[in-house]
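A.B. asks: The following file, entry_38.cif, comprises mmCIF, C-alpha atoms:
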```cif
data_data
#
loop_
_atom_site.label_atom_id
_atom_site.label_comp_id
_atom_site.auth_asym_id
_atom_site.auth_seq_id
_atom_site.Cartn_x
_atom_site.Cartn_y
_atom_site.Cartn_z
CA MET A 689 -49.25 69.04 29.42
CA ASP A 690 -50.54 67.21 26.35
CA ASP A 691 -53.00 64.32 26.36
CA GLN A 692 -50.34 61.71 25.60
CA ILE A 693 -48.37 62.60 28.73
CA LYS A 694 -51.57 62.65 30.79
CA GLU A 695 -52.34 59.14 29.52
CA ALA A 696 -48.80 58.00 30.40
CA ILE A 697 -49.18 59.40 33.93
CA ALA A 698 -52.51 57.62 34.36
CA HIS A 699 -51.00 54.35 33.09
CA LEU A 700 -48.03 54.61 35.45
CA ASP A 701 -50.29 55.48 38.37
CA THR A 702 -52.54 52.49 37.67
CA TYR A 703 -50.10 49.83 36.48
CA GLY A 704 -46.77 51.04 37.88
CA TYR A 705 -45.10 51.73 34.52
CA CYS A 706 -45.58 53.42 31.16
CA LEU A 707 -43.84 53.46 27.77
CA LEU A 708 -43.09 56.55 25.70
CA GLU A 709 -42.15 55.58 22.15
CA ASP A 710 -39.61 57.26 19.86
CA ARG A 711 -38.61 60.11 22.19
CA ILE A 712 -35.15 60.54 20.66
CA PRO A 713 -34.15 59.65 17.08
CA ALA A 714 -33.21 55.99 16.66
CA ALA A 715 -29.89 56.98 15.06
CA VAL A 716 -28.98 59.07 18.13
CA ALA A 717 -29.94 56.21 20.44
CA CYS A 718 -27.89 53.67 18.49
CA ASP A 719 -24.86 55.97 18.38
CA LEU A 720 -25.08 56.44 22.14
CA ALA A 721 -25.35 52.65 22.55
CA LYS A 722 -22.12 52.29 20.56
CA ARG A 723 -20.42 54.83 22.82
CA CYS A 724 -21.65 53.02 25.93
CA LEU A 725 -20.08 49.77 24.75
CA GLU A 726 -16.80 51.61 24.07
CA VAL A 727 -16.84 52.97 27.62
CA HIS A 728 -17.50 49.51 29.08
CA ALA A 729 -14.45 48.22 27.21
CA ASP A 730 -12.19 51.10 28.31
CA PRO A 731 -9.93 50.14 31.25
CA GLN A 732 -10.07 53.65 32.73
CA TYR A 733 -13.76 53.13 33.61
CA LYS A 734 -13.40 49.62 35.05
CA SER A 735 -13.85 50.83 38.64
CA LEU A 736 -17.27 52.26 37.75
CA ILE A 737 -18.63 48.93 36.51
CA HIS A 738 -20.72 46.53 38.60
CA GLY A 739 -21.65 43.16 37.13
CA ASP A 740 -20.13 40.36 35.09
CA GLN A 741 -19.43 39.48 31.47
CA HIS A 742 -23.15 39.17 30.70
CA TYR A 743 -24.87 42.04 32.50
CA GLN A 744 -23.23 45.26 33.65
CA THR A 745 -24.03 48.64 35.15
CA LEU A 746 -21.58 51.48 34.55
CA PHE A 747 -22.13 54.50 36.77
CA GLY A 748 -21.25 58.12 36.10
CA MET A 749 -22.47 58.47 32.52
CA VAL A 750 -23.57 62.05 33.24
CA ASN A 751 -19.86 62.94 33.39
CA ILE A 752 -18.78 60.75 30.48
CA ASP A 753 -21.08 61.71 27.60
CA ASP A 754 -23.03 64.97 27.42
CA ARG A 755 -25.68 63.36 25.21
CA VAL A 756 -27.00 61.65 28.33
CA TRP A 757 -28.34 65.06 29.37
CA GLN A 758 -30.74 65.03 26.41
CA CYS A 759 -32.39 61.96 27.93
CA ALA A 760 -32.21 63.08 31.57
CA SER A 761 -33.78 66.47 30.85
CA HIS A 762 -36.26 65.30 28.23
CA PRO A 763 -39.42 67.34 28.82
CA ASP A 764 -41.73 64.30 28.71
CA THR A 765 -39.90 62.20 31.30
CA VAL A 766 -39.31 65.25 33.49
CA ALA A 767 -43.01 66.17 33.36
CA ILE A 768 -43.99 62.68 34.48
CA ALA A 769 -41.36 62.57 37.22
CA ARG A 770 -42.44 65.97 38.55
CA HIS A 771 -46.07 64.91 38.59
CA PHE A 772 -45.25 62.11 41.04
CA LEU A 773 -42.27 63.56 42.93
CA GLY A 774 -42.90 67.29 42.90
CA PRO A 775 -41.37 70.21 40.99
CA HIS A 776 -37.99 69.96 42.69
CA CYS A 777 -37.21 66.30 41.99
CA ARG A 778 -33.67 65.63 40.86
CA VAL A 779 -31.47 63.39 38.77
CA VAL A 780 -28.64 61.88 40.77
CA GLU A 781 -27.13 59.28 38.43
CA ALA A 782 -27.23 57.88 34.90
CA CYS A 783 -26.05 54.33 34.25
CA SER A 784 -25.19 52.44 31.10
CA LYS A 785 -26.67 48.91 31.17
CA PRO A 786 -25.64 46.51 28.40
CA THR A 787 -26.93 42.93 28.42
CA TRP A 788 -24.90 40.53 26.31
CA PRO A 789 -26.19 37.39 24.58
CA GLY A 790 -26.43 34.51 27.01
CA ALA A 791 -27.20 36.70 30.01
CA PRO A 792 -29.52 34.96 32.46
CA ALA A 793 -32.46 36.77 33.98
CA GLN A 794 -31.53 38.97 36.94
CA ALA A 795 -33.41 38.78 40.24
CA LEU A 796 -36.90 40.26 40.38
CA HIS A 797 -36.73 43.29 42.69
CA VAL A 798 -37.99 46.71 43.73
CA ASP A 799 -35.80 49.81 43.74
CA SER A 800 -34.20 51.35 46.80
CA ALA A 801 -36.74 50.14 49.37
CA GLY A 802 -34.47 48.04 51.57
CA ASN A 803 -33.62 50.81 54.04
CA PHE A 804 -37.20 51.83 54.78
CA ASN A 805 -38.64 50.76 58.13
CA GLN A 806 -42.00 51.05 56.40
CA VAL A 807 -42.32 51.42 52.65
CA PRO A 808 -43.96 54.80 51.92
CA ASP A 809 -47.34 55.12 50.28
CA VAL A 810 -45.92 57.83 47.99
CA PRO A 811 -43.33 57.30 45.24
CA TRP A 812 -39.68 57.57 46.32
CA MET A 813 -38.35 57.13 42.80
CA ILE A 814 -39.50 57.29 39.20
CA ASN A 815 -37.03 55.19 37.29
CA THR A 816 -36.41 55.10 33.54
CA ILE A 817 -34.67 52.90 31.04
CA TRP A 818 -33.93 54.51 27.68
CA MET A 819 -33.86 51.92 24.91
CA LEU A 820 -30.62 52.66 23.09
CA THR A 821 -31.14 49.51 21.03
CA ASP A 822 -34.43 47.79 20.27
CA PHE A 823 -35.82 46.01 23.35
CA THR A 824 -37.37 42.69 22.32
CA VAL A 825 -38.74 39.64 24.08
CA GLU A 826 -35.73 37.67 22.83
CA ASN A 827 -33.00 40.09 23.92
CA GLY A 828 -34.30 40.41 27.46
CA ALA A 829 -36.54 43.49 27.47
CA THR A 830 -37.21 44.72 30.99
CA GLY A 831 -40.06 42.83 32.64
CA VAL A 832 -42.51 44.35 35.11
CA VAL A 833 -45.37 42.99 37.23
CA PRO A 834 -48.29 45.35 36.58
CA MET A 835 -49.83 46.97 39.68
CA SER A 836 -47.16 45.55 42.00
CA HIS A 837 -46.14 49.10 42.97
CA ARG A 838 -49.16 49.17 45.27
CA SER A 839 -47.93 46.25 47.36
CA ARG A 840 -45.60 48.40 49.53
CA CYS A 841 -43.26 45.40 49.73
CA LYS A 842 -39.51 45.80 50.16
CA ARG A 843 -39.01 42.83 47.85
CA PRO A 844 -41.20 40.57 45.71
CA PRO A 845 -42.56 37.40 47.31
CA ASP A 846 -40.50 34.29 46.60
CA ASN A 847 -43.52 32.40 45.26
CA LEU A 848 -44.60 34.99 42.70
CA ASP A 849 -45.95 33.43 39.51
CA PRO A 850 -43.44 34.17 36.69
CA SER A 851 -46.29 34.42 34.20
CA LEU A 852 -47.23 37.75 35.84
CA ILE A 853 -44.02 39.37 34.53
CA ARG A 854 -44.74 41.38 31.39
CA PRO A 855 -41.87 42.20 28.98
CA ILE A 856 -41.91 45.86 27.87
CA THR A 857 -40.64 46.01 24.30
CA GLY A 858 -39.90 49.06 22.17
CA ARG A 859 -37.82 50.59 19.42
CA ALA A 860 -34.47 52.29 19.97
CA GLY A 861 -35.18 55.83 21.14
CA SER A 862 -38.13 54.86 23.32
CA VAL A 863 -38.18 55.04 27.13
CA MET A 864 -39.92 53.06 29.84
CA LEU A 865 -40.72 54.71 33.18
CA TRP A 866 -41.74 52.94 36.36
CA HIS A 867 -42.53 53.49 40.02
CA GLY A 868 -39.58 52.33 42.16
CA GLY A 869 -41.86 49.94 44.04
CA ALA A 870 -42.92 48.01 40.94
CA PHE A 871 -41.54 44.46 40.79
CA HIS A 872 -39.27 44.35 37.75
CA VAL A 873 -36.36 42.46 36.25
CA ALA A 874 -33.78 42.46 33.48
CA ARG A 875 -34.91 39.37 31.59
CA ALA A 876 -32.65 36.75 29.99
CA ASN A 877 -31.04 37.65 26.66
CA THR A 878 -31.62 34.60 24.47
CA SER A 879 -30.81 36.44 21.23
CA SER A 880 -27.54 37.09 19.40
CA GLN A 881 -27.83 40.85 19.99
CA ILE A 882 -26.44 43.08 22.72
CA ARG A 883 -29.26 45.00 24.37
CA VAL A 884 -28.19 48.43 25.69
CA GLY A 885 -30.20 50.61 28.05
CA LEU A 886 -29.53 53.94 29.73
CA ASN A 887 -30.92 54.02 33.26
CA ILE A 888 -31.78 57.46 34.69
CA ALA A 889 -33.70 57.77 37.96
CA TYR A 890 -35.56 60.76 39.38
CA TYR A 891 -35.72 61.21 43.15
CA PRO A 892 -37.56 63.56 45.51
CA ARG A 893 -35.40 65.92 47.55
CA TRP A 894 -36.03 63.98 50.76
CA PHE A 895 -34.43 60.73 49.53
CA ASN A 896 -30.92 60.19 50.92
CA ASN A 897 -28.87 58.86 48.02
CA TRP A 898 -25.96 57.50 50.03
CA VAL A 899 -27.94 54.23 50.17
CA GLU A 900 -27.47 53.83 46.40
CA GLY A 901 -24.31 51.77 46.08
CA GLY A 902 -22.15 52.76 43.15
CA HIS A 903 -23.71 56.15 42.48
CA GLN A 904 -21.19 58.76 41.40
CA PRO A 905 -21.44 62.51 41.99
CA VAL A 906 -21.66 65.11 39.26
CA TRP A 907 -18.23 66.64 38.67
CA PRO A 908 -18.06 70.43 39.11
CA GLU A 909 -16.76 70.88 35.56
CA THR A 910 -19.66 68.74 34.25
CA TYR A 911 -22.16 70.93 36.06
CA GLU A 912 -20.60 74.08 34.61
CA ARG A 913 -21.19 72.79 31.06
CA MET A 914 -24.83 71.88 31.64
CA PRO A 915 -27.70 73.90 30.15
CA PRO A 916 -30.08 75.50 32.68
CA GLN A 917 -32.74 72.79 32.43
CA MET A 918 -30.18 70.12 33.35
CA LYS A 919 -28.70 72.16 36.19
CA GLN A 920 -32.19 72.39 37.69
CA LEU A 921 -32.22 68.58 37.90
CA CYS A 922 -28.71 68.22 39.39
CA THR A 923 -29.10 70.07 42.66
CA GLY A 924 -27.13 67.67 44.84
CA LYS A 925 -23.59 68.13 46.06
CA LEU A 926 -20.83 68.24 43.47
CA GLY A 927 -17.62 66.28 43.75
CA ARG A 928 -15.06 64.10 42.03
CA SER A 929 -15.57 60.80 43.86
CA ARG A 930 -18.26 58.77 45.58
CA ALA A 931 -16.30 58.52 48.82
CA GLU A 932 -16.11 62.30 48.97
CA LEU A 933 -19.88 62.68 49.21
CA TYR A 934 -21.83 59.45 49.56
CA GLU A 935 -20.13 57.16 52.02
CA GLU A 936 -21.12 57.12 55.68
CA ARG A 937 -18.57 58.65 58.00
#
```
Any chance you could put this one into structure tokens?
C.D. replies:
Amino acid sequence: MDDQIKEAIAHLDTYGYCLLEDRIPAAVACDLAKRCLEVHADPQYKSLIHGDQHYQTLFGMVNIDDRVWQCASHPDTVAIARHFLGPHCRVVEACSKPTWPGAPAQALHVDSAGNFNQVPDVPWMINTIWMLTDFTVENGATGVVPMSHRSRCKRPPDNLDPSLIRPITGRAGSVMLWHGGAFHVARANTSSQIRVGLNIAYYPRWFNNWVEGGHQPVWPETYERMPPQMKQLCTGKLGRSRAELYEER
């Protein structure tokens, strides 16, 4: 593990997040952003979209575009995830997240903590957002409250001072990682640009992913095409629909 990754791990451990710059070529990131917007506009994927005309999440990108695997299995993000979650952590979903001009700020939140009786003192998720376009203050770059991952809160306090939220900006091709317990938010897009992110989360084996509304399984034919390093990260059940695997019975 090189010194840069060790520094990123230390930053995430201390502050709850870290930024790795220029991890895929900007041209590759921008081309994938273009493809994401095409998918969002395609009626056949409408059922996979949560959100409105300003801010959307489209699930199942692992099955839709193989280039997503390059991000999910990137050795730097995987090394950081495995440091916190163990060598057998897994990728369960990849989501396209465009934010259109005029989008208001989303609600400040933590990830996937609502079902815990007591929030664990170990990470239950290392989340990432790949910057497929530049992330700027104006176009709503993800905001995070440094060190909030140590609060062990299921949700941020209602009276939290907004000035504590720090926007994490970066060039297309960069990636931000954060502890699932860090308070964070998709900020308002006050620019004329569409901001596009690719959200890929890493989970420990013990986390039950049925609680993640909208998550789609990896299709068997997708898994068969994957290179070995990606297969190692997709160890969950395979299937064609969410209801087949994730819904309570």
A.B. asks: Rank A:Glu781, A:Glu709, A:Glu726, A:Asp691 by their smallest atom-to-atom distance to A:Tyr891, using all atoms listed in the file, and report the top residue only.
C.D. replies: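 For A:Tyr891, the nearest of the candidates is A:Glu781.
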A.B. asks: Spell out the residues picked by the PyMOL selection byres ((chain A and resi 720) around 10) here, as a list of chain:residue names.
C.D. replies: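 Here the PyMOL selection byres ((chain A and resi 720) around 10) matches A:Ala714, A:Ala715, A:Val716, A:Ala717, A:Cys718, A:Asp719, A:Ala721, A:Lys722, A:Arg723, A:Cys724, A:Leu725, A:Glu726, A:Asp753, A:Arg755, A:Val756, A:Ser784, A:Leu820, A:Thr821, A:Val884, A:Gly885, A:Leu886.
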A.B. asks: List, as a ChimeraX atom specification, every residue that the PyMOL selection byres ((chain A and resi 875-883) around 6) selects in the file provided.
C.D. replies: /A:786-793,821,826-828,830,873-874,884
A.B. asks: To one decimal place in Å, what is the distance between atom CA of A:Thr923 and atom CA of A:Tyr890?
C.D. replies: 11.8 Å
A.B. asks: I want to know what sits within 12 Å of A:Met918, based on all atoms listed in the file, with residues of the same chain fewer than 3 positions away left out; could you give that as a VMD selection string?
C.D. replies: chain A and resid 750 754 to 763 766 777 to 780 906 910 to 915 921 to 923
A.B. asks: What would stretch 894-906 of chain A look like with N, CA and C atoms in place, written as a PDB file, keeping the file's coordinate frame?
C.D. replies:
```
ATOM      1  N   TRP A 894     -36.186  64.566  49.426  1.00  0.00           N
ATOM      2  CA  TRP A 894     -36.030  63.980  50.760  1.00  0.00           C
ATOM      3  C   TRP A 894     -35.290  62.640  50.746  1.00  0.00           C
ATOM      4  N   PHE A 895     -35.076  62.044  49.578  1.00  0.00           N
ATOM      5  CA  PHE A 895     -34.430  60.730  49.530  1.00  0.00           C
ATOM      6  C   PHE A 895     -32.928  60.878  49.699  1.00  0.00           C
ATOM      7  N   ASN A 896     -32.351  60.119  50.626  1.00  0.00           N
ATOM      8  CA  ASN A 896     -30.920  60.190  50.920  1.00  0.00           C
ATOM      9  C   ASN A 896     -30.172  59.212  50.014  1.00  0.00           C
ATOM     10  N   ASN A 897     -29.453  59.717  49.050  1.00  0.00           N
ATOM     11  CA  ASN A 897     -28.870  58.860  48.020  1.00  0.00           C
ATOM     12  C   ASN A 897     -27.601  58.125  48.424  1.00  0.00           C
ATOM     13  N   TRP A 898     -27.141  58.293  49.650  1.00  0.00           N
ATOM     14  CA  TRP A 898     -25.960  57.500  50.030  1.00  0.00           C
ATOM     15  C   TRP A 898     -26.291  56.013  50.033  1.00  0.00           C
ATOM     16  N   VAL A 899     -27.582  55.644  50.149  1.00  0.00           N
ATOM     17  CA  VAL A 899     -27.940  54.230  50.170  1.00  0.00           C
ATOM     18  C   VAL A 899     -27.752  53.572  48.804  1.00  0.00           C
ATOM     19  N   GLU A 900     -27.580  54.365  47.752  1.00  0.00           N
ATOM     20  CA  GLU A 900     -27.470  53.830  46.400  1.00  0.00           C
ATOM     21  C   GLU A 900     -26.018  53.453  46.108  1.00  0.00           C
ATOM     22  N   GLY A 901     -25.675  52.193  46.312  1.00  0.00           N
ATOM     23  CA  GLY A 901     -24.310  51.770  46.080  1.00  0.00           C
ATOM     24  C   GLY A 901     -23.876  51.978  44.648  1.00  0.00           C
ATOM     25  N   GLY A 902     -22.696  52.547  44.484  1.00  0.00           N
ATOM     26  CA  GLY A 902     -22.150  52.760  43.150  1.00  0.00           C
ATOM     27  C   GLY A 902     -22.412  54.118  42.551  1.00  0.00           C
ATOM     28  N   HIS A 903     -23.410  54.835  43.050  1.00  0.00           N
ATOM     29  CA  HIS A 903     -23.710  56.150  42.480  1.00  0.00           C
ATOM     30  C   HIS A 903     -22.508  57.080  42.559  1.00  0.00           C
ATOM     31  N   GLN A 904     -22.291  57.808  41.485  1.00  0.00           N
ATOM     32  CA  GLN A 904     -21.190  58.760  41.400  1.00  0.00           C
ATOM     33  C   GLN A 904     -21.722  60.182  41.412  1.00  0.00           C
ATOM     34  N   PRO A 905     -20.985  61.113  41.995  1.00  0.00           N
ATOM     35  CA  PRO A 905     -21.440  62.510  41.990  1.00  0.00           C
ATOM     36  C   PRO A 905     -21.235  63.162  40.631  1.00  0.00           C
ATOM     37  N   VAL A 906     -21.896  64.290  40.439  1.00  0.00           N
ATOM     38  CA  VAL A 906     -21.660  65.110  39.260  1.00  0.00           C
ATOM     39  C   VAL A 906     -20.389  65.922  39.489  1.00  0.00           C
TER      40      VAL A 906
END
```
